[in-house]
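*Asks:* The structure file upload-v4.tsv (TSV, C-alpha atoms) is provided below.
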chain	number	residue	atom	x	y	z
A	998	MET	CA	95.15	99.72	106.83
A	999	GLU	CA	94.82	102.66	104.46
A	1000	GLU	CA	96.53	100.71	101.67
A	1001	ALA	CA	93.53	98.41	101.48
A	1002	VAL	CA	91.46	101.06	99.69
A	1003	HIS	CA	94.12	101.89	97.09
A	1004	ILE	CA	93.67	98.78	94.94
A	1005	PRO	CA	92.85	98.52	91.23
A	1006	PRO	CA	89.28	97.68	90.17
A	1007	LEU	CA	88.51	93.98	90.42
A	1008	LYS	CA	88.08	92.16	87.16
A	1009	THR	CA	84.66	90.86	86.20
A	1010	ASN	CA	85.88	87.54	84.85
A	1011	GLY	CA	86.04	85.94	88.29
A	1012	LEU	CA	89.83	85.88	88.53
A	1013	VAL	CA	91.37	86.31	91.97
A	1014	GLU	CA	93.34	89.52	92.58
A	1015	LYS	CA	96.25	89.39	95.08
A	1016	PHE	CA	97.47	92.35	97.13
A	1017	GLU	CA	100.26	92.84	99.65
A	1018	PHE	CA	100.65	95.62	102.22
A	1019	LYS	CA	102.22	96.38	105.59
A	1020	ASP	CA	100.06	97.42	108.51
A	1021	PRO	CA	101.42	100.66	110.07
A	1022	GLU	CA	99.67	99.76	113.34
A	1023	GLN	CA	102.01	96.81	113.89
A	1024	THR	CA	105.35	97.20	115.67
A	1025	ARG	CA	106.87	94.55	113.42
A	1026	ASN	CA	106.94	94.73	109.62
A	1027	LYS	CA	104.25	92.15	109.12
A	1028	LEU	CA	103.32	91.58	105.48
A	1029	TYR	CA	99.71	90.75	104.65
A	1030	LYS	CA	98.71	88.88	101.52
A	1031	ILE	CA	95.07	89.26	100.54
A	1032	GLU	CA	93.08	87.60	97.79
A	1033	CYS	CA	89.95	89.34	96.53
A	1034	LYS	CA	87.41	87.89	94.12
A	1035	LEU	CA	84.47	89.71	92.58
A	1036	VAL	CA	81.33	87.67	93.31
A	1037	GLY	CA	78.63	90.22	92.44
A	1038	GLN	CA	77.74	93.81	91.66
A	1039	ALA	CA	75.11	96.17	93.06
A	1040	LYS	CA	74.03	99.35	91.30
A	1041	LEU	CA	72.91	102.36	93.33
A	1042	ARG	CA	70.37	103.44	90.72
A	1043	ARG	CA	68.36	100.28	91.40
A	1044	LEU	CA	68.05	101.28	95.06
A	1045	PHE	CA	66.96	104.85	94.31
A	1046	SER	CA	64.48	103.77	91.66
A	1047	HIS	CA	62.65	101.70	94.31
A	1048	LEU	CA	62.63	104.52	96.87
A	1049	THR	CA	60.03	106.40	94.85
A	1050	LYS	CA	57.63	103.45	94.89
A	1051	LEU	CA	55.26	102.63	97.71
A	1052	GLU	CA	55.75	98.89	97.39
A	1053	HIS	CA	57.73	96.16	99.10
A	1054	MET	CA	61.44	96.73	98.70
A	1055	PRO	CA	63.37	93.69	97.44
A	1056	LYS	CA	66.14	92.16	99.53
A	1057	THR	CA	68.67	93.35	96.96
A	1058	CYS	CA	67.99	96.96	97.94
A	1059	GLN	CA	68.73	96.20	101.59
A	1060	THR	CA	72.03	94.63	100.51
A	1061	ILE	CA	72.89	97.73	98.47
A	1062	CYS	CA	72.09	99.92	101.50
A	1063	GLN	CA	74.41	97.82	103.65
A	1064	GLY	CA	77.20	98.26	101.11
A	1065	LEU	CA	76.56	102.01	101.04
A	1066	GLU	CA	76.77	102.07	104.85
A	1067	VAL	CA	80.17	100.36	104.69
A	1068	MET	CA	81.39	103.14	102.39
A	1069	PHE	CA	80.04	105.75	104.82
A	1070	ASN	CA	81.85	104.11	107.72
A	1071	TYR	CA	85.23	103.70	106.02
A	1072	GLU	CA	86.50	107.25	106.46
A	1073	ARG	CA	85.32	107.29	110.07
A	1074	THR	CA	87.24	104.10	110.87
A	1075	GLN	CA	90.40	105.89	109.70
A	1076	ARG	CA	89.83	108.95	111.90
A	1077	PHE	CA	88.18	107.68	115.07
A	1078	VAL	CA	88.28	104.84	117.58
A	1079	THR	CA	85.59	102.35	116.60
A	1080	ALA	CA	83.30	100.08	118.59
A	1081	PRO	CA	80.81	97.41	117.42
A	1082	GLY	CA	77.55	98.74	116.05
A	1083	ASN	CA	78.93	101.63	113.93
A	1084	ARG	CA	80.01	103.61	116.99
A	1085	PHE	CA	82.85	106.13	116.81
A	1086	PHE	CA	84.85	107.99	119.46
A	1087	SER	CA	87.81	110.34	119.82
A	1088	PRO	CA	89.15	109.88	123.39
A	1089	ASP	CA	92.45	111.65	122.69
A	1090	LEU	CA	91.31	114.69	120.69
A	1091	LYS	CA	88.00	115.03	122.57
A	1092	LEU	CA	86.26	116.23	119.40
A	1093	PHE	CA	82.75	115.53	120.69
A	1094	GLY	CA	83.05	116.89	124.23
A	1095	PRO	CA	85.42	116.65	127.20
A	1096	ASN	CA	86.16	113.30	128.84
A	1097	PHE	CA	84.92	112.91	132.41
A	1098	ASP	CA	86.11	110.82	135.35
A	1099	VAL	CA	83.97	107.81	136.23
A	1100	GLY	CA	86.19	106.47	138.99
A	1101	ARG	CA	88.26	103.30	139.46
A	1102	GLY	CA	90.61	104.08	136.57
A	1103	LYS	CA	87.85	104.72	134.03
A	1104	GLU	CA	86.71	107.79	132.09
A	1105	GLY	CA	83.60	108.63	130.10
A	1106	VAL	CA	84.04	109.52	126.42
A	1107	SER	CA	81.51	111.15	124.09
A	1108	GLY	CA	81.03	109.92	120.53
A	1109	PHE	CA	78.32	109.09	118.03
A	1110	ALA	CA	76.50	106.25	116.30
A	1111	MET	CA	75.70	106.37	112.61
A	1112	SER	CA	73.45	104.34	110.33
A	1113	LEU	CA	71.46	104.66	107.09
A	1114	ARG	CA	67.68	104.36	106.85
A	1115	LEU	CA	65.65	103.81	103.70
A	1116	CYS	CA	62.58	106.02	103.50
A	1117	GLN	CA	60.16	105.35	100.65
A	1118	GLY	CA	57.81	108.03	99.38
A	1119	TRP	CA	59.44	110.88	101.37
A	1120	ASN	CA	57.85	114.08	99.93
A	1121	GLY	CA	56.80	112.03	96.93
A	1122	ALA	CA	60.37	111.04	96.05
A	1123	GLY	CA	61.98	108.84	98.67
A	1124	VAL	CA	65.42	109.29	100.18
A	1125	VAL	CA	68.11	107.60	102.22
A	1126	LEU	CA	68.29	109.13	105.70
A	1127	LEU	CA	71.55	109.39	107.61
A	1128	ASN	CA	70.87	108.77	111.29
A	1129	ILE	CA	73.35	110.28	113.78
A	1130	ASP	CA	72.97	110.24	117.54
A	1131	ILE	CA	75.19	111.00	120.52
A	1132	LEU	CA	76.71	108.18	122.55
A	1133	HIS	CA	78.61	108.05	125.82
A	1134	VAL	CA	80.78	105.06	126.70
A	1135	VAL	CA	83.48	104.31	129.23
A	1136	PHE	CA	87.16	103.73	128.43
A	1137	TYR	CA	90.01	102.65	130.68
A	1138	ARG	CA	92.35	105.49	131.51
A	1139	PRO	CA	95.87	104.67	130.20
A	1140	LEU	CA	97.39	104.45	133.68
A	1141	PRO	CA	100.41	102.46	134.83
A	1142	VAL	CA	99.00	99.11	135.94
A	1143	LEU	CA	100.11	99.65	139.54
A	1144	ASP	CA	98.23	102.97	139.65
A	1145	TYR	CA	95.15	101.35	138.11
A	1146	LEU	CA	95.19	98.53	140.66
A	1147	LYS	CA	95.26	101.09	143.49
A	1148	THR	CA	91.98	102.60	142.23
A	1149	LEU	CA	90.16	99.31	142.81
A	1150	PRO	CA	88.33	98.51	146.07
A	1151	ASN	CA	90.92	97.73	148.75
A	1152	GLY	CA	93.60	98.37	146.11
A	1153	ARG	CA	95.66	100.87	148.08
A	1154	LYS	CA	96.10	98.34	150.85
A	1155	LEU	CA	96.82	95.35	148.58
A	1156	PHE	CA	99.33	97.13	146.33
A	1157	LYS	CA	100.86	99.68	148.70
A	1158	ASN	CA	104.24	97.91	148.97
A	1159	PRO	CA	105.57	96.89	145.52
A	1160	THR	CA	109.03	96.17	146.91
A	1161	LYS	CA	107.98	92.60	147.74
A	1162	PRO	CA	106.00	89.84	145.96
A	1163	LEU	CA	102.23	90.15	145.76
A	1164	SER	CA	100.00	88.44	148.29
A	1165	PRO	CA	97.57	85.68	147.16
A	1166	GLU	CA	94.67	88.11	147.64
A	1167	ALA	CA	96.33	90.73	145.39
A	1168	ILE	CA	96.90	88.10	142.70
A	1169	ARG	CA	93.20	87.13	142.88
A	1170	VAL	CA	92.24	90.77	142.25
A	1171	ILE	CA	94.48	90.86	139.15
A	1172	GLU	CA	92.97	87.62	137.87
A	1173	GLU	CA	89.47	89.03	138.35
A	1174	LYS	CA	90.03	92.50	136.88
A	1175	ILE	CA	92.85	92.16	134.32
A	1176	LYS	CA	93.48	88.54	133.29
A	1177	ASN	CA	92.26	87.98	129.69
A	1178	LYS	CA	90.13	91.14	129.97
A	1179	VAL	CA	92.31	94.25	129.83
A	1180	GLN	CA	95.08	94.83	127.30
A	1181	VAL	CA	98.40	96.23	128.53
A	1182	VAL	CA	101.44	97.79	126.85
A	1183	ILE	CA	105.05	98.09	127.98
A	1184	MET	CA	106.11	101.60	128.99
A	1185	ASN	CA	109.35	103.41	128.12
A	1186	THR	CA	110.61	101.03	125.43
A	1187	GLN	CA	110.96	103.75	122.74
A	1188	GLN	CA	108.83	101.75	120.31
A	1189	LYS	CA	106.91	103.77	117.72
A	1190	ASN	CA	103.85	101.53	117.94
A	1191	GLN	CA	103.28	99.84	121.27
A	1192	ARG	CA	102.42	96.17	121.10
A	1193	LYS	CA	99.33	95.20	123.09
A	1194	TYR	CA	99.24	92.14	125.32
A	1195	LEU	CA	96.64	90.15	127.24
A	1196	VAL	CA	97.67	88.76	130.62
A	1197	ASP	CA	97.47	85.00	131.10
A	1198	ARG	CA	98.64	84.78	134.69
A	1199	VAL	CA	100.87	86.27	137.38
A	1200	SER	CA	104.33	84.76	137.84
A	1201	SER	CA	105.37	83.16	141.11
A	1202	VAL	CA	108.71	85.01	141.23
A	1203	GLY	CA	109.92	88.52	140.37
A	1204	PRO	CA	112.01	89.64	137.37
A	1205	GLU	CA	115.32	89.33	139.24
A	1206	MET	CA	114.67	85.63	139.89
A	1207	HIS	CA	113.01	84.48	136.67
A	1208	THR	CA	115.52	83.61	133.93
A	1209	PHE	CA	115.27	82.51	130.31
A	1210	GLU	CA	117.62	81.39	127.54
A	1211	VAL	CA	118.54	84.21	125.15
A	1212	GLU	CA	119.71	81.54	122.71
A	1213	ARG	CA	117.30	78.63	122.79
A	1214	GLY	CA	119.03	75.39	123.71
A	1215	ASN	CA	122.08	77.18	125.15
A	1216	PRO	CA	121.99	77.07	128.99
A	1217	ALA	CA	125.02	79.37	129.10
A	1218	SER	CA	122.90	82.21	127.68
A	1219	GLN	CA	120.59	82.35	130.71
A	1220	ARG	CA	119.55	85.91	131.60
A	1221	SER	CA	117.13	87.30	134.18
A	1222	VAL	CA	114.12	89.35	133.10
A	1223	ALA	CA	115.50	92.31	135.06
A	1224	LYS	CA	118.86	92.07	133.22
A	1225	HIS	CA	117.03	91.78	129.87
A	1226	PHE	CA	115.11	95.02	130.44
A	1227	LEU	CA	118.30	96.80	131.47
A	1228	ASP	CA	120.33	95.59	128.48
A	1229	THR	CA	117.58	95.79	125.84
A	1230	HIS	CA	115.52	98.80	126.91
A	1231	GLY	CA	117.83	100.62	129.32
A	1232	ILE	CA	115.27	100.26	132.13
A	1233	THR	CA	116.48	99.71	135.68
A	1234	LEU	CA	113.61	98.17	137.60
A	1235	LYS	CA	112.59	99.85	140.87
A	1236	TYR	CA	110.83	96.74	142.16
A	1237	PRO	CA	112.84	93.66	141.06
A	1238	LYS	CA	111.01	91.43	143.56
A	1239	LEU	CA	107.50	92.39	142.35
A	1240	ASN	CA	105.83	89.70	140.24
A	1241	CYS	CA	105.70	89.62	136.43
A	1242	PHE	CA	102.76	89.28	134.08
A	1243	VAL	CA	102.91	86.20	131.88
A	1244	MET	CA	101.37	87.16	128.53
A	1245	THR	CA	99.01	84.98	126.51
A	1246	LYS	CA	101.00	85.12	123.25
A	1247	GLY	CA	104.44	83.56	123.54
A	1248	GLY	CA	104.34	83.37	127.33
A	1249	ALA	CA	106.61	86.42	127.71
A	1250	TYR	CA	107.42	87.51	131.28
A	1251	VAL	CA	106.98	91.27	131.73
A	1252	PRO	CA	107.52	93.09	135.06
A	1253	ILE	CA	104.24	94.51	136.34
A	1254	GLU	CA	105.92	97.84	137.10
A	1255	VAL	CA	106.60	98.57	133.40
A	1256	CYS	CA	103.07	97.68	132.27
A	1257	GLN	CA	100.44	100.28	131.42
A	1258	ILE	CA	96.75	99.94	130.58
A	1259	ALA	CA	96.58	100.13	126.78
A	1260	PRO	CA	95.07	103.42	125.53
A	1261	LYS	CA	91.78	103.71	123.60
A	1262	GLN	CA	90.36	100.61	125.28
A	1263	LEU	CA	86.63	100.24	125.78
A	1264	VAL	CA	85.42	98.90	129.14
A	1265	GLN	CA	83.52	95.67	128.47
A	1266	GLU	CA	82.57	94.72	132.02
A	1267	LYS	CA	79.35	95.87	133.69
A	1268	LEU	CA	79.70	99.20	135.50
A	1269	SER	CA	78.97	99.48	139.21
A	1270	GLY	CA	75.98	101.46	140.49
A	1271	THR	CA	78.25	104.36	141.47
A	1272	GLU	CA	79.90	104.42	138.05
A	1273	ASN	CA	76.54	104.34	136.24
A	1274	LYS	CA	75.29	107.18	138.42
A	1275	GLU	CA	78.31	109.31	137.48
A	1276	VAL	CA	77.84	108.63	133.75
A	1277	ILE	CA	74.16	109.66	133.92
A	1278	LYS	CA	75.04	112.78	135.90
A	1279	GLN	CA	77.68	113.87	133.38
A	1280	THR	CA	75.71	113.13	130.19
A	1281	ALA	CA	72.24	114.49	130.95
A	1282	VAL	CA	71.62	117.50	128.64
A	1283	LYS	CA	68.66	119.55	127.42
A	1284	PRO	CA	67.16	118.58	124.02
A	1285	GLN	CA	68.32	121.81	122.37
A	1286	ASP	CA	71.87	121.23	123.64
A	1287	ARG	CA	71.75	117.70	122.29
A	1288	GLN	CA	70.70	119.01	118.89
A	1289	GLU	CA	73.62	121.45	118.84
A	1290	LYS	CA	76.02	118.63	119.66
A	1291	ILE	CA	74.64	116.53	116.81
A	1292	LYS	CA	75.14	119.46	114.45
A	1293	LYS	CA	78.74	119.71	115.63
A	1294	ILE	CA	79.26	115.98	115.03
A	1295	PHE	CA	77.77	116.32	111.54
A	1296	LYS	CA	80.12	119.22	110.76
A	1297	GLU	CA	83.17	117.45	112.20
A	1298	ASN	CA	82.64	114.44	109.93
A	1299	LYS	CA	83.14	116.57	106.78
A	1300	PHE	CA	81.00	114.33	104.61
A	1301	ASP	CA	81.41	116.66	101.65
A	1302	GLU	CA	85.16	115.91	101.67
A	1303	ASP	CA	84.78	112.12	102.04
A	1304	PRO	CA	86.69	110.51	99.11
A	1305	ALA	CA	84.73	107.23	99.34
A	1306	LEU	CA	81.41	109.06	98.98
A	1307	ARG	CA	82.75	111.17	96.13
A	1308	LEU	CA	83.65	108.00	94.23
A	1309	LEU	CA	80.00	106.93	94.52
A	1310	GLY	CA	78.69	110.35	93.49
A	1311	VAL	CA	76.91	110.73	96.84
A	1312	SER	CA	76.27	114.05	98.54
A	1313	ILE	CA	74.47	115.00	101.76
A	1314	GLU	CA	72.15	117.92	102.43
A	1315	ASP	CA	73.74	120.23	104.98
A	1316	ASP	CA	70.64	120.36	107.12
A	1317	VAL	CA	69.78	118.74	110.42
A	1318	SER	CA	66.12	118.00	110.91
A	1319	ALA	CA	64.06	118.99	113.92
A	1320	ARG	CA	64.23	115.40	115.18
A	1321	CYS	CA	67.97	115.90	115.68
A	1322	GLN	CA	69.06	112.39	114.71
A	1323	VAL	CA	68.18	112.44	111.03
A	1324	ASN	CA	69.94	114.15	108.16
A	1325	SER	CA	68.67	114.00	104.61
A	1326	LEU	CA	70.93	112.40	102.02
A	1327	ALA	CA	70.57	113.19	98.33
A	1328	ALA	CA	72.40	110.65	96.16
A	1329	HIS	CA	72.96	111.11	92.44
Would you mind writing the structure in this file as structure tokens?

*Replies:*
Amino acid sequence: MEEAVHIPPLKTNGLVEKFEFKDPEQTRNKLYKIECKLVGQAKLRRLFSHLTKLEHMPKTCQTICQGLEVMFNYERTQRFVTAPGNRFFSPDLKLFGPNFDVGRGKEGVSGFAMSLRLCQGWNGAGVVLLNIDILHVVFYRPLPVLDYLKTLPNGRKLFKNPTKPLSPEAIRVIEEKIKNKVQVVIMNTQQKNQRKYLVDRVSSVGPEMHTFEVERGNPASQRSVAKHFLDTHGITLKYPKLNCFVMTKGGAYVPIEVCQIAPKQLVQEKLSGTENKEVIKQTAVKPQDRQEKIKKIFKENKFDEDPALRLLGVSIEDDVSARCQVNSLAAH
């Protein structure tokens, strides 16, 4: 949503400004209409004037700091995969270290967390500190769904023969591990941006048996799911008897064999003891190595080239403190 930042200044008379833009992340040309209204202003100089005083900081200063943190985060949300809590990762480019296998279709990814801290009376002046620390989280590997299912306990046995419909036990595993939890995309459809789906349930029949009306209300337009994928996407299914996923939005029937675990997807479920052990093994480093990694993260962020910070007249000292996590910020 890069267009969202390229808007004219909001008027101070309380009038509502309207903007329209298209989201490049969407596969369809979806037009967004946004209304923005200026409800207040916060001046940075008020925050920095209080930093020099050893007295209680008013709530307004905390609000200003939160707004400043939003500006710090904006450029990172454009460059990296984000997670709640101001956490940022780069699973594809591996900018902050190599990914590592955790097992069961998951991989560990290195990233960082970032926040601002107000420090009054620092060296007699007071500053805003930029706190950066290393994080390690687990993402799903973007595997074909059938390959992912085979990594699960007893998965090779349950999903070894995709030429016939799934057993009740195999369907229970899908409902436990994928249903309404893991997003999937459709492979080999030549779409520029893959649409992500959540699975609602597993169909009772395969794509060669399930049919739908191409023209709603016209029974003569009935077509099987297998025929639809051949005519629309040029895909000849290898396993026409294998069940379909029924998606949450629109109830679309999609053959399991063409589904893939969506990329850049954070694992939300609790890791097993074996998986946790592997993460700890792969991420344990010496303090001096950790400090070097934080320096690399700081350099990779290119704060001095951040257009949002330049608009605010904010600069950052190019110096990492001995505590590793904290960088000094000098704002003008």

*Asks:* Distance CA of Ser1221 (chain A)-CA of Gly1247 (chain A), one decimal place?

*Replies:*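 Calculated distance between CA of Ser1221 (chain A) and CA of Gly1247 (chain A) is 17.0 Å.
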
*Asks:* Using Å and a single decimal, report how far CA of Gly1102 (chain A) sits from CA of Asn1273 (chain A).

*Replies:* 14.1 Å

*Asks:* In Å, rounded to a single decimal, give me how far CA of Phe1109 (chain A) is from CA of Asn1083 (chain A).

*Replies:*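 For CA of Asn1083 (chain A) relative to CA of Phe1109 (chain A), the distance reads 8.5 Å.
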
*Asks:* May I ask which of the residues A:Gly1064, A:Gly1094, A:Gly1100, A:Pro1088 is the closest one to Glu1289 (chain A), counting all atoms listed in the file?

*Replies:* A:Gly1094

*Asks:* For a quick check of understanding, using only C-alpha atoms, which of A:Gly1248, A:Gly1037, A:Pro1204, A:Gly1310 has the smallest distance to Arg1220 (chain A)?

*Replies:*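 Answer, going by the shortest atom-to-atom distance: A:Pro1204.
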
*Asks:* Rank nothing, just name the residue among A:Val1067, A:Ser1200, A:Pro1159, A:Lys1147 nearest to Cys1241 (chain A), using only C-alpha atoms.

*Replies:*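 Between A:Val1067, A:Ser1200, A:Pro1159, A:Lys1147, the residue approaching Cys1241 (chain A) most closely is A:Ser1200.
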
*Asks:* Pick out the closest residue to Leu1090 (chain A) from this set: A:Leu1155, A:Val1106, A:Leu1146, A:Leu1132. Count only C-alpha atoms.

*Replies:* A:Val1106

*Asks:* Looking at only C-alpha atoms, which of A:Glu1210, A:Glu1254, A:Asp1197, A:Glu1272 is the one that sits closest to Gly1105 (chain A)?

*Replies:*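 Under the stated criterion, the closest residue is A:Glu1272.
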